[in-house]
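Undergrad: File follows, upload.cif with mmCIF, C-alpha atoms (C1' of nucleotides):
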data_start
#
loop_
_atom_site.group_PDB
_atom_site.id
_atom_site.type_symbol
_atom_site.label_atom_id
_atom_site.label_comp_id
_atom_site.auth_asym_id
_atom_site.auth_seq_id
_atom_site.Cartn_x
_atom_site.Cartn_y
_atom_site.Cartn_z
ATOM 1 C CA MET A 608 3.683 -14.836 -27.670
ATOM 2 C CA ALA A 609 1.014 -12.566 -29.143
ATOM 3 C CA GLU A 610 1.174 -8.839 -28.689
ATOM 4 C CA ASP A 611 -2.197 -8.827 -26.951
ATOM 5 C CA ASP A 612 -0.971 -11.241 -24.312
ATOM 6 C CA GLU A 613 1.821 -8.874 -23.388
ATOM 7 C CA ASP A 614 -0.647 -5.976 -23.250
ATOM 8 C CA ARG A 615 -2.828 -8.031 -20.964
ATOM 9 C CA ALA A 616 0.121 -9.003 -18.778
ATOM 10 C CA ASP A 617 1.134 -5.342 -18.553
ATOM 11 C CA ALA A 618 -2.382 -4.406 -17.457
ATOM 12 C CA LEU A 619 -2.664 -7.226 -14.923
ATOM 13 C CA PHE A 620 0.676 -6.658 -13.213
ATOM 14 C CA HIS A 621 0.212 -2.922 -13.265
ATOM 15 C CA ALA A 622 -3.251 -3.259 -11.733
ATOM 16 C CA LEU A 623 -1.790 -5.357 -8.926
ATOM 17 C CA ALA A 624 1.169 -3.023 -8.366
ATOM 18 C CA ASP A 625 -0.809 -0.766 -6.031
ATOM 19 C CA ARG A 626 -1.692 -1.733 -2.473
ATOM 20 C CA THR A 627 -5.087 -0.073 -2.558
ATOM 21 C CA ARG A 628 -6.005 -2.009 -5.681
ATOM 22 C CA ARG A 629 -4.708 -5.264 -4.209
ATOM 23 C CA ASP A 630 -6.881 -4.633 -1.172
ATOM 24 C CA ILE A 631 -9.897 -3.956 -3.374
ATOM 25 C CA VAL A 632 -9.226 -7.212 -5.214
ATOM 26 C CA ARG A 633 -9.164 -9.042 -1.895
ATOM 27 C CA ARG A 634 -12.509 -7.564 -0.889
ATOM 28 C CA VAL A 635 -14.288 -8.204 -4.163
ATOM 29 C CA LEU A 636 -12.939 -11.740 -4.322
ATOM 30 C CA ALA A 637 -14.481 -12.307 -0.895
ATOM 31 C CA GLY A 638 -17.836 -10.932 -2.029
ATOM 32 C CA GLU A 639 -19.693 -8.284 -3.996
ATOM 33 C CA HIS A 640 -19.244 -4.681 -2.927
ATOM 34 C CA SER A 641 -20.679 -1.478 -4.315
ATOM 35 C CA VAL A 642 -18.207 1.168 -5.379
ATOM 36 C CA SER A 643 -19.303 3.464 -2.570
ATOM 37 C CA ALA A 644 -19.002 0.659 -0.031
ATOM 38 C CA LEU A 645 -15.420 0.169 -1.192
ATOM 39 C CA ALA A 646 -14.730 3.892 -1.173
ATOM 40 C CA ALA A 647 -15.835 4.114 2.463
ATOM 41 C CA LYS A 648 -12.945 1.827 3.441
ATOM 42 C CA TYR A 649 -10.132 4.077 2.235
ATOM 43 C CA ASP A 650 -8.845 7.464 3.235
ATOM 44 C CA MET A 651 -9.208 9.020 -0.196
ATOM 45 C CA SER A 652 -11.919 10.522 -2.345
ATOM 46 C CA PHE A 653 -14.706 8.502 -3.924
ATOM 47 C CA ALA A 654 -13.393 9.448 -7.376
ATOM 48 C CA ALA A 655 -9.952 8.052 -6.566
ATOM 49 C CA VAL A 656 -11.396 4.699 -5.508
ATOM 50 C CA GLN A 657 -13.617 4.696 -8.557
ATOM 51 C CA LYS A 658 -10.562 5.115 -10.771
ATOM 52 C CA HIS A 659 -8.868 2.191 -9.031
ATOM 53 C CA VAL A 660 -11.939 0.070 -9.669
ATOM 54 C CA ALA A 661 -11.879 1.140 -13.328
ATOM 55 C CA VAL A 662 -8.225 0.069 -13.641
ATOM 56 C CA LEU A 663 -9.052 -3.315 -12.140
ATOM 57 C CA GLU A 664 -12.051 -3.703 -14.419
ATOM 58 C CA LYS A 665 -10.030 -2.882 -17.542
ATOM 59 C CA ALA A 666 -7.439 -5.458 -16.501
ATOM 60 C CA GLY A 667 -10.237 -8.000 -16.089
ATOM 61 C CA LEU A 668 -9.649 -8.534 -12.381
ATOM 62 C CA LEU A 669 -13.211 -7.591 -11.504
ATOM 63 C CA SER A 670 -16.523 -7.052 -13.202
ATOM 64 C CA LYS A 671 -19.469 -4.889 -12.270
ATOM 65 C CA ARG A 672 -23.168 -5.522 -12.384
ATOM 66 C CA ARG A 673 -25.806 -2.903 -11.848
ATOM 67 C CA GLN A 674 -28.360 -3.344 -9.093
ATOM 68 C CA GLY A 675 -30.649 -0.386 -8.725
ATOM 69 C CA ARG A 676 -28.519 2.686 -8.238
ATOM 70 C CA GLU A 677 -25.542 0.695 -7.088
ATOM 71 C CA GLN A 678 -22.804 -0.895 -9.143
ATOM 72 C CA LEU A 679 -21.713 -4.157 -7.526
ATOM 73 C CA ALA A 680 -18.115 -5.215 -8.144
ATOM 74 C CA SER A 681 -17.079 -8.850 -8.014
ATOM 75 C CA GLY A 682 -13.567 -10.293 -8.318
ATOM 76 C CA ASP A 683 -12.636 -12.606 -11.185
ATOM 77 C CA VAL A 684 -10.555 -15.463 -9.859
ATOM 78 C CA ASP A 685 -9.680 -16.643 -13.366
ATOM 79 C CA ALA A 686 -7.747 -13.437 -13.971
ATOM 80 C CA VAL A 687 -5.818 -14.065 -10.762
ATOM 81 C CA ARG A 688 -5.087 -17.588 -11.929
ATOM 82 C CA SER A 689 -3.895 -16.367 -15.312
ATOM 83 C CA VAL A 690 -1.312 -14.211 -13.555
ATOM 84 C CA ALA A 691 -0.260 -17.166 -11.454
ATOM 85 C CA SER A 692 0.192 -19.245 -14.593
ATOM 86 C CA MET A 693 2.531 -16.616 -16.046
ATOM 87 C CA LEU A 694 4.694 -17.021 -12.968
ATOM 88 C CA THR A 695 4.548 -20.778 -13.272
ATOM 89 C CA GLU A 696 5.827 -20.429 -16.814
ATOM 90 C CA LEU A 697 8.745 -18.354 -15.493
ATOM 91 C CA GLU A 698 9.493 -21.002 -12.918
ATOM 92 C CA GLY A 699 9.516 -23.524 -15.755
ATOM 93 C CA VAL A 700 12.202 -21.523 -17.514
ATOM 94 C CA TRP A 701 14.287 -21.687 -14.362
ATOM 95 C CA ARG A 702 13.770 -25.438 -14.062
ATOM 96 C CA GLY A 703 15.126 -25.818 -17.564
ATOM 97 C CA ARG A 704 18.258 -23.969 -16.499
ATOM 98 C CA ILE A 705 18.754 -26.229 -13.508
ATOM 99 C CA ALA A 706 18.155 -29.292 -15.626
ATOM 100 C CA ARG A 707 20.869 -28.116 -18.010
ATOM 101 C CA ILE A 708 23.268 -27.521 -15.128
ATOM 102 C CA ASP A 709 22.538 -30.974 -13.760
ATOM 103 C CA ALA A 710 23.186 -32.480 -17.175
ATOM 104 C CA LEU A 711 26.600 -30.828 -17.230
ATOM 105 C CA ILE A 712 27.400 -32.102 -13.766
ATOM 106 C CA ALA A 713 26.326 -35.586 -14.771
ATOM 107 C CA ALA A 714 28.579 -35.396 -17.840
ATOM 108 C CA ASP A 715 31.556 -34.389 -15.664
ATOM 109 C CA HIS A 716 30.925 -37.099 -13.073
ATOM 110 C CA PRO A 717 29.353 -39.920 -15.037
ATOM 111 C CA THR A 718 30.035 -42.524 -12.355
ATOM 112 C CA GLN A 719 28.675 -40.597 -9.385
ATOM 113 C CA PRO A 720 25.169 -39.166 -9.866
ATOM 114 C CA LEU A 721 24.825 -36.596 -7.093
ATOM 115 C CA PRO A 722 21.509 -35.282 -5.652
ATOM 116 C CA SER A 723 21.879 -32.475 -8.208
ATOM 117 C CA HIS A 724 20.864 -29.113 -6.810
ATOM 118 C CA PRO A 725 19.853 -28.441 -3.171
ATOM 119 C CA ASP A 726 17.028 -26.121 -4.335
ATOM 120 C CA GLY A 727 16.374 -28.043 -7.500
ATOM 121 C CA PRO A 728 13.138 -28.921 -9.259
ATOM 122 C CA ARG A 729 10.578 -30.739 -7.173
ATOM 123 C CA LYS A 730 9.754 -34.202 -8.357
ATOM 124 C CA ASP A 731 6.096 -34.315 -7.316
ATOM 125 C CA MET B 172 0.243 -7.621 6.933
ATOM 126 C CA ALA B 173 3.374 -5.601 7.689
ATOM 127 C CA GLU B 174 4.030 -2.377 5.895
ATOM 128 C CA ASP B 175 7.257 -3.724 4.439
ATOM 129 C CA ASP B 176 5.450 -6.624 2.845
ATOM 130 C CA GLU B 177 3.215 -4.225 0.973
ATOM 131 C CA ASP B 178 6.242 -2.215 -0.134
ATOM 132 C CA ARG B 179 7.814 -5.406 -1.389
ATOM 133 C CA ALA B 180 4.640 -6.454 -3.181
ATOM 134 C CA ASP B 181 4.445 -3.015 -4.808
ATOM 135 C CA ALA B 182 8.032 -3.355 -6.025
ATOM 136 C CA LEU B 183 7.572 -6.909 -7.290
ATOM 137 C CA PHE B 184 4.374 -6.300 -9.224
ATOM 138 C CA HIS B 185 5.652 -3.017 -10.574
ATOM 139 C CA ALA B 186 8.874 -4.657 -11.715
ATOM 140 C CA LEU B 187 6.864 -7.288 -13.576
ATOM 141 C CA ALA B 188 4.474 -4.745 -15.106
ATOM 142 C CA ASP B 189 6.797 -4.023 -18.033
ATOM 143 C CA ARG B 190 7.290 -6.429 -20.935
ATOM 144 C CA THR B 191 10.979 -5.649 -21.332
ATOM 145 C CA ARG B 192 11.577 -6.425 -17.682
ATOM 146 C CA ARG B 193 9.530 -9.638 -17.862
ATOM 147 C CA ASP B 194 11.639 -10.673 -20.827
ATOM 148 C CA ILE B 195 14.827 -9.917 -18.916
ATOM 149 C CA VAL B 196 13.546 -12.000 -16.016
ATOM 150 C CA ARG B 197 12.929 -14.891 -18.406
ATOM 151 C CA ARG B 198 16.461 -14.679 -19.754
ATOM 152 C CA VAL B 199 18.218 -14.419 -16.408
ATOM 153 C CA LEU B 200 16.123 -17.243 -14.990
ATOM 154 C CA ALA B 201 17.346 -19.378 -17.877
ATOM 155 C CA GLY B 202 20.965 -18.467 -17.183
ATOM 156 C CA GLU B 203 23.451 -15.756 -16.300
ATOM 157 C CA HIS B 204 23.740 -12.801 -18.668
ATOM 158 C CA SER B 205 25.920 -9.724 -18.519
ATOM 159 C CA VAL B 206 24.125 -6.391 -18.633
ATOM 160 C CA SER B 207 25.575 -5.609 -22.042
ATOM 161 C CA ALA B 208 24.566 -9.034 -23.362
ATOM 162 C CA LEU B 209 21.031 -8.247 -22.251
ATOM 163 C CA ALA B 210 21.184 -4.745 -23.700
ATOM 164 C CA ALA B 211 22.131 -6.145 -27.102
ATOM 165 C CA LYS B 212 18.771 -7.938 -27.252
ATOM 166 C CA TYR B 213 16.595 -4.845 -27.107
ATOM 167 C CA ASP B 214 16.052 -1.889 -29.360
ATOM 168 C CA MET B 215 16.896 0.724 -26.759
ATOM 169 C CA SER B 216 19.958 2.286 -25.201
ATOM 170 C CA PHE B 217 22.300 0.444 -22.860
ATOM 171 C CA ALA B 218 21.385 2.872 -20.094
ATOM 172 C CA ALA B 219 17.686 2.079 -20.471
ATOM 173 C CA VAL B 220 18.301 -1.650 -20.109
ATOM 174 C CA GLN B 221 20.598 -1.004 -17.198
ATOM 175 C CA LYS B 222 17.804 0.879 -15.438
ATOM 176 C CA HIS B 223 15.448 -2.033 -16.021
ATOM 177 C CA VAL B 224 17.997 -4.378 -14.497
ATOM 178 C CA ALA B 225 18.336 -2.035 -11.526
ATOM 179 C CA VAL B 226 14.547 -2.066 -10.987
ATOM 180 C CA LEU B 227 14.546 -5.858 -11.063
ATOM 181 C CA GLU B 228 17.482 -6.013 -8.687
ATOM 182 C CA LYS B 229 15.822 -3.658 -6.182
ATOM 183 C CA ALA B 230 12.697 -5.804 -6.303
ATOM 184 C CA GLY B 231 14.837 -8.858 -5.604
ATOM 185 C CA LEU B 232 13.986 -10.605 -8.860
ATOM 186 C CA LEU B 233 17.624 -10.868 -9.876
ATOM 187 C CA SER B 234 21.055 -10.484 -8.358
ATOM 188 C CA LYS B 235 24.354 -9.540 -9.918
ATOM 189 C CA ARG B 236 27.819 -10.896 -9.415
ATOM 190 C CA ARG B 237 30.940 -9.294 -10.772
ATOM 191 C CA GLN B 238 33.217 -11.276 -13.056
ATOM 192 C CA GLY B 239 36.085 -9.240 -14.406
ATOM 193 C CA ARG B 240 34.675 -6.212 -16.113
ATOM 194 C CA GLU B 241 31.275 -7.788 -16.558
ATOM 195 C CA GLN B 242 28.348 -7.848 -14.183
ATOM 196 C CA LEU B 243 26.497 -11.155 -14.497
ATOM 197 C CA ALA B 244 22.785 -11.087 -13.680
ATOM 198 C CA SER B 245 20.959 -14.167 -12.481
ATOM 199 C CA GLY B 246 17.233 -14.565 -11.797
ATOM 200 C CA ASP B 247 15.941 -15.375 -8.316
ATOM 201 C CA VAL B 248 13.228 -17.982 -8.566
ATOM 202 C CA ASP B 249 12.275 -17.525 -4.910
ATOM 203 C CA ALA B 250 11.120 -13.986 -5.631
ATOM 204 C CA VAL B 251 8.955 -15.325 -8.450
ATOM 205 C CA ARG B 252 7.518 -17.906 -6.075
ATOM 206 C CA SER B 253 6.778 -15.267 -3.460
ATOM 207 C CA VAL B 254 4.661 -13.412 -6.009
ATOM 208 C CA ALA B 255 2.891 -16.629 -6.893
ATOM 209 C CA SER B 256 2.126 -17.217 -3.229
ATOM 210 C CA MET B 257 0.488 -13.800 -2.966
ATOM 211 C CA LEU B 258 -1.840 -14.828 -5.767
ATOM 212 C CA THR B 259 -2.507 -18.136 -4.069
ATOM 213 C CA GLU B 260 -3.534 -16.202 -0.978
ATOM 214 C CA LEU B 261 -5.975 -14.195 -3.102
ATOM 215 C CA GLU B 262 -7.405 -17.370 -4.537
ATOM 216 C CA GLY B 263 -7.850 -18.591 -0.970
ATOM 217 C CA VAL B 264 -9.967 -15.529 -0.188
ATOM 218 C CA TRP B 265 -12.157 -16.388 -3.154
ATOM 219 C CA ARG B 266 -12.507 -19.998 -2.014
ATOM 220 C CA GLY B 267 -13.747 -18.734 1.326
ATOM 221 C CA ARG B 268 -16.422 -16.770 -0.478
ATOM 222 C CA ILE B 269 -17.552 -19.813 -2.430
ATOM 223 C CA ALA B 270 -17.563 -21.904 0.714
ATOM 224 C CA ARG B 271 -19.835 -19.358 2.366
ATOM 225 C CA ILE B 272 -22.169 -19.352 -0.608
ATOM 226 C CA ASP B 273 -22.289 -23.130 -0.563
ATOM 227 C CA ALA B 274 -23.109 -23.081 3.131
ATOM 228 C CA LEU B 275 -26.071 -20.804 2.449
ATOM 229 C CA ILE B 276 -27.288 -23.047 -0.333
ATOM 230 C CA ALA B 277 -26.961 -26.046 1.943
ATOM 231 C CA ALA B 278 -28.976 -24.235 4.627
ATOM 232 C CA ASP B 279 -31.745 -23.469 2.124
ATOM 233 C CA HIS B 280 -31.877 -26.995 0.761
ATOM 234 C CA PRO B 281 -30.917 -29.194 3.716
ATOM 235 C CA THR B 282 -32.285 -32.354 2.130
ATOM 236 C CA GLN B 283 -30.684 -31.987 -1.295
ATOM 237 C CA PRO B 284 -26.930 -31.305 -1.230
ATOM 238 C CA LEU B 285 -26.193 -30.102 -4.758
ATOM 239 C CA PRO B 286 -22.753 -30.137 -6.478
ATOM 240 C CA SER B 287 -22.410 -26.563 -5.143
ATOM 241 C CA HIS B 288 -20.697 -24.291 -7.625
ATOM 242 C CA PRO B 289 -19.752 -25.271 -11.191
ATOM 243 C CA ASP B 290 -16.403 -23.442 -10.880
ATOM 244 C CA GLY B 291 -16.061 -24.135 -7.201
ATOM 245 C CA PRO B 292 -13.018 -25.132 -5.134
ATOM 246 C CA ARG B 293 -11.255 -28.217 -6.317
ATOM 247 C CA LYS B 294 -11.332 -31.136 -3.941
ATOM 248 C CA ASP B 295 -7.991 -32.706 -4.964
ATOM 249 C "C1'" DT C 625 50.488 3.204 -21.482
ATOM 250 C "C1'" DT C 626 46.871 3.451 -24.628
ATOM 251 C "C1'" DG C 627 42.678 2.074 -26.402
ATOM 252 C "C1'" DA C 628 38.461 -0.582 -26.379
ATOM 253 C "C1'" DC C 629 34.931 -2.438 -23.683
ATOM 254 C "C1'" DA C 630 31.510 -2.869 -19.491
ATOM 255 C "C1'" DT C 631 29.298 -0.470 -16.161
ATOM 256 C "C1'" DA C 632 27.391 3.316 -13.382
ATOM 257 C "C1'" DC C 633 25.096 7.461 -12.836
ATOM 258 C "C1'" DA C 634 23.434 12.276 -13.526
ATOM 259 C "C1'" DA C 635 20.522 15.428 -16.109
ATOM 260 C "C1'" DC C 636 16.852 15.984 -18.961
ATOM 261 C "C1'" DC C 637 12.212 15.219 -21.234
ATOM 262 C "C1'" DA C 638 7.429 13.541 -22.727
ATOM 263 C "C1'" DG C 639 3.881 10.937 -21.104
ATOM 264 C "C1'" DA C 640 1.594 8.055 -17.542
ATOM 265 C "C1'" DT C 641 -0.018 7.685 -12.702
ATOM 266 C "C1'" DG C 642 -2.545 8.733 -8.570
ATOM 267 C "C1'" DG C 643 -4.573 11.998 -6.294
ATOM 268 C "C1'" DT C 644 -7.845 16.204 -6.035
ATOM 269 C "C1'" DT C 645 -12.356 19.064 -6.988
ATOM 270 C "C1'" DG C 646 -16.333 20.005 -9.633
ATOM 271 C "C1'" DT C 647 -20.192 18.908 -12.559
ATOM 272 C "C1'" DA C 648 -23.841 15.994 -14.359
ATOM 273 C "C1'" DG C 649 -27.027 11.989 -14.892
ATOM 274 C "C1'" DG C 650 -29.674 7.985 -13.074
ATOM 275 C "C1'" DT C 651 -32.298 5.849 -8.995
ATOM 276 C "C1'" DT C 652 -34.570 5.518 -4.781
ATOM 277 C "C1'" DT C 653 -37.254 7.647 -1.131
ATOM 278 C "C1'" DG C 654 -40.195 10.950 1.193
ATOM 279 C "C1'" DC D 516 -41.872 16.596 -7.509
ATOM 280 C "C1'" DA D 517 -37.810 17.240 -4.495
ATOM 281 C "C1'" DA D 518 -34.094 15.661 -1.935
ATOM 282 C "C1'" DA D 519 -30.633 12.400 -1.129
ATOM 283 C "C1'" DC D 520 -27.657 9.030 -2.873
ATOM 284 C "C1'" DC D 521 -24.629 6.370 -6.276
ATOM 285 C "C1'" DT D 522 -21.976 6.669 -10.102
ATOM 286 C "C1'" DA D 523 -19.411 8.629 -14.062
ATOM 287 C "C1'" DC D 524 -16.298 11.675 -15.994
ATOM 288 C "C1'" DA D 525 -13.640 15.913 -17.055
ATOM 289 C "C1'" DA D 526 -10.042 19.093 -15.690
ATOM 290 C "C1'" DC D 527 -6.206 19.934 -13.079
ATOM 291 C "C1'" DC D 528 -1.770 19.004 -10.569
ATOM 292 C "C1'" DA D 529 2.545 16.863 -8.450
ATOM 293 C "C1'" DT D 530 5.160 13.012 -8.921
ATOM 294 C "C1'" DC D 531 6.792 8.837 -11.121
ATOM 295 C "C1'" DT D 532 8.225 6.269 -15.331
ATOM 296 C "C1'" DG D 533 10.740 4.976 -19.249
ATOM 297 C "C1'" DG D 534 13.341 6.628 -22.446
ATOM 298 C "C1'" DT D 535 17.386 9.673 -24.094
ATOM 299 C "C1'" DT D 536 22.443 11.634 -24.080
ATOM 300 C "C1'" DG D 537 26.601 12.614 -21.800
ATOM 301 C "C1'" DT D 538 30.243 11.820 -18.518
ATOM 302 C "C1'" DA D 539 33.090 9.125 -15.290
ATOM 303 C "C1'" DT D 540 35.192 4.928 -13.570
ATOM 304 C "C1'" DG D 541 36.996 0.320 -13.824
ATOM 305 C "C1'" DT D 542 38.972 -3.673 -16.434
ATOM 306 C "C1'" DC D 543 41.116 -6.213 -20.130
ATOM 307 C "C1'" DA D 544 44.330 -6.526 -24.094
ATOM 308 C "C1'" DA D 545 48.047 -4.902 -27.166
#
Show this structure as structure tokens.
TA:
Amino acid sequence: MAEDDEDRADALFHALADRTRRDIVRRVLAGEHSVSALAAKYDMSFAAVQKHVAVLEKAGLLSKRRQGREQLASGDVDAVRSVASMLTELEGVWRGRIARIDALIAADHPTQPLPSHPDGPRKD
Amino acid sequence: MAEDDEDRADALFHALADRTRRDIVRRVLAGEHSVSALAAKYDMSFAAVQKHVAVLEKAGLLSKRRQGREQLASGDVDAVRSVASMLTELEGVWRGRIARIDALIAADHPTQPLPSHPDGPRKD
DNA sequence: TTGACATACAACCAGATGGTTGTAGGTTTG
DNA sequence: CAAACCTACAACCATCTGGTTGTATGTCAA
């Protein structure tokens, strides 16, 4: 709804739309890593990896904490879940469509309620 | 794992990293819309909307079917679910981390099993 | 057939993106 | 202190992105 939500969604999806950043997210979700430890894993400059980490931090997918001279990055699972919930909302929109289609079918064949749609909404 | 999967993930997340495209996805998940019907909803040229639709189609988030002179676009909920499953996989990585932390805590305090982590994995 | 509508696509442009190198500051170690 | 290391950030560059306009093709209706 709000403008800020769309900004946040833009930032989250964009942050995840790069395989290096997705890999970084995987690593920092599994445990804390310093920026240089992350940089050592990829065939690119330290500065490039640092920029990827900055993009992920701005999107809220990870946070950093200082320990001595190192900056330890840690993944934020809540941000991941918030993205997942956006997709769930989209799936809900689709379910509404199928429900409407089923209603039409039911209106056309009032005496024979069919098993609706083969890939229809799960009733769990 | 495979290179193609990463390409596909890039395309999917990138396609969703634009609010106009997310809005189009919402509409075509709710029901079929012609490209010009979609274009009428946004304050930009027809060609711009058409390019957004093309990006979504290449990513597999929608498909088109011709009907007369119109091209009807329809959302693909399976593509949305595949994105959701990528996020679920990420959340699984995080759960592994928490499990490891809990194991360490248990090893340190073998006689007093605490309720582990306040935001820990759900046991449902 | 002619005209109006729906789509596709090319060419172009400003700004963002993802990489590079270089410079500078803070922290640990010898 | 000096050297080594970790991080931050600016400047630069090629390419991609998201928008534009213009042109071409296909389809429906009069």
Undergrad: Would you write out, as a PyMOL selection string, every residue that the PyMOL selection byres ((chain A) within 9 of (chain B)) captures in this file?
TA: chain A and resi 613-614+616-626+632-638+682-684+687-688+690-692+694-695+697-698+700-705
Undergrad: Restricting the output to C-alpha atoms, write the selected residues as a PDB file, in the frame of the given file.
TA:
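And here is the file that came out, part.pdb:
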ATOM      1  CA  GLU A 613       1.821  -8.874 -23.388  1.00  0.00           C
ATOM      2  CA  ASP A 614      -0.647  -5.976 -23.250  1.00  0.00           C
ATOM      3  CA  ALA A 616       0.121  -9.003 -18.778  1.00  0.00           C
ATOM      4  CA  ASP A 617       1.134  -5.342 -18.553  1.00  0.00           C
ATOM      5  CA  ALA A 618      -2.382  -4.406 -17.457  1.00  0.00           C
ATOM      6  CA  LEU A 619      -2.664  -7.226 -14.923  1.00  0.00           C
ATOM      7  CA  PHE A 620       0.676  -6.658 -13.213  1.00  0.00           C
ATOM      8  CA  HIS A 621       0.212  -2.922 -13.265  1.00  0.00           C
ATOM      9  CA  ALA A 622      -3.251  -3.259 -11.733  1.00  0.00           C
ATOM     10  CA  LEU A 623      -1.790  -5.357  -8.926  1.00  0.00           C
ATOM     11  CA  ALA A 624       1.169  -3.023  -8.366  1.00  0.00           C
ATOM     12  CA  ASP A 625      -0.809  -0.766  -6.031  1.00  0.00           C
ATOM     13  CA  ARG A 626      -1.692  -1.733  -2.473  1.00  0.00           C
ATOM     14  CA  VAL A 632      -9.226  -7.212  -5.214  1.00  0.00           C
ATOM     15  CA  ARG A 633      -9.164  -9.042  -1.895  1.00  0.00           C
ATOM     16  CA  ARG A 634     -12.509  -7.564  -0.889  1.00  0.00           C
ATOM     17  CA  VAL A 635     -14.288  -8.204  -4.163  1.00  0.00           C
ATOM     18  CA  LEU A 636     -12.939 -11.740  -4.322  1.00  0.00           C
ATOM     19  CA  ALA A 637     -14.481 -12.307  -0.895  1.00  0.00           C
ATOM     20  CA  GLY A 638     -17.836 -10.932  -2.029  1.00  0.00           C
ATOM     21  CA  GLY A 682     -13.567 -10.293  -8.318  1.00  0.00           C
ATOM     22  CA  ASP A 683     -12.636 -12.606 -11.185  1.00  0.00           C
ATOM     23  CA  VAL A 684     -10.555 -15.463  -9.859  1.00  0.00           C
ATOM     24  CA  VAL A 687      -5.818 -14.065 -10.762  1.00  0.00           C
ATOM     25  CA  ARG A 688      -5.087 -17.588 -11.929  1.00  0.00           C
ATOM     26  CA  VAL A 690      -1.312 -14.211 -13.555  1.00  0.00           C
ATOM     27  CA  ALA A 691      -0.260 -17.166 -11.454  1.00  0.00           C
ATOM     28  CA  SER A 692       0.192 -19.245 -14.593  1.00  0.00           C
ATOM     29  CA  LEU A 694       4.694 -17.021 -12.968  1.00  0.00           C
ATOM     30  CA  THR A 695       4.548 -20.778 -13.272  1.00  0.00           C
ATOM     31  CA  LEU A 697       8.745 -18.354 -15.493  1.00  0.00           C
ATOM     32  CA  GLU A 698       9.493 -21.002 -12.918  1.00  0.00           C
ATOM     33  CA  VAL A 700      12.202 -21.523 -17.514  1.00  0.00           C
ATOM     34  CA  TRP A 701      14.287 -21.687 -14.362  1.00  0.00           C
ATOM     35  CA  ARG A 702      13.770 -25.438 -14.062  1.00  0.00           C
ATOM     36  CA  GLY A 703      15.126 -25.818 -17.564  1.00  0.00           C
ATOM     37  CA  ARG A 704      18.258 -23.969 -16.499  1.00  0.00           C
ATOM     38  CA  ILE A 705      18.754 -26.229 -13.508  1.00  0.00           C
TER      39      ILE A 705
END
Undergrad: Could you list the residues chosen by the PyMOL selection byres ((chain C) within 9 of (chain A)) in this structure as a PDB file with C-alpha atoms (C1' of nucleotides), in the frame of the given file?
TA:
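Saved file expr-v8.pdb follows:
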ATOM      1  C1'  DG C 642      -2.545   8.733  -8.570  1.00  0.00           C
ATOM      2  C1'  DG C 643      -4.573  11.998  -6.294  1.00  0.00           C
ATOM      3  C1'  DT C 644      -7.845  16.204  -6.035  1.00  0.00           C
ATOM      4  C1'  DG C 650     -29.674   7.985 -13.074  1.00  0.00           C
ATOM      5  C1'  DT C 651     -32.298   5.849  -8.995  1.00  0.00           C
ATOM      6  C1'  DT C 652     -34.570   5.518  -4.781  1.00  0.00           C
TER       7       DT C 652
END
Undergrad: Contacts from chain D to chain B, 9 Å maximum, all atoms listed in the file: show me the residue list as a list in words.
TA: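 So the contacting residues turn out to be DG533, DG534, DT535, DG541, DT542 and DC543 of chain D.
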Undergrad: Dump C-alpha atoms (C1' of nucleotides) for the selected residues as a short mmCIF file (atom, residue, chain, number, x, y, z; two decimals), in the coordinates of the input?
TA:
data_model
loop_
_atom_site.label_atom_id
_atom_site.label_comp_id
_atom_site.auth_asym_id
_atom_site.auth_seq_id
_atom_site.Cartn_x
_atom_site.Cartn_y
_atom_site.Cartn_z
"C1'" DG D 533 10.74 4.98 -19.25
"C1'" DG D 534 13.34 6.63 -22.45
"C1'" DT D 535 17.39 9.67 -24.09
"C1'" DG D 541 37.00 0.32 -13.82
"C1'" DT D 542 38.97 -3.67 -16.43
"C1'" DC D 543 41.12 -6.21 -20.13
#
Undergrad: Distance cut-off 12 Å, centre (25.4, -4.5, -25.5) in file coordinates, counting all atoms listed in the file: which residues qualify? Return them as a list in words.
TA: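 Those residues lying close to the given coordinates are His204, Ser205, Val206, Ser207, Ala208, Leu209, Ala210, Ala211, Lys212, Tyr213, Asp214, Met215, Ser216, Phe217, Ala218, Ala219, Val220, Gln221 and Glu241 of chain B; DC629, DA630 and DT631 of chain C.
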Undergrad: As an exercise, work out the distance from CA of Arg628 in chain A to CA of Leu668 in chain A in Å and give it to one decimal place.
TA: 10.0 Å
Undergrad: For the atom pair CA of Leu669 in chain A and C1' of DT530 in chain D, what is the interatomic distance in Å to one decimal place?
TA: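 Here the two named atoms are 27.7 Å from each other.
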Undergrad: How many Å separate C1' of DA634 in chain C from CA of Gln242 in chain B?
TA: 20.7 Å
Undergrad: Centre and edge lengths, as JSON, for the axis-aligned box enclosing every listed atom of range 523-542 of chain D with 8 Å of padding on each of the six sides, in Å to one decimal?
TA:
{"center_x": 9.8, "center_y": 8.1, "center_z": -16.3, "size_x": 74.4, "size_y": 39.6, "size_z": 31.6}
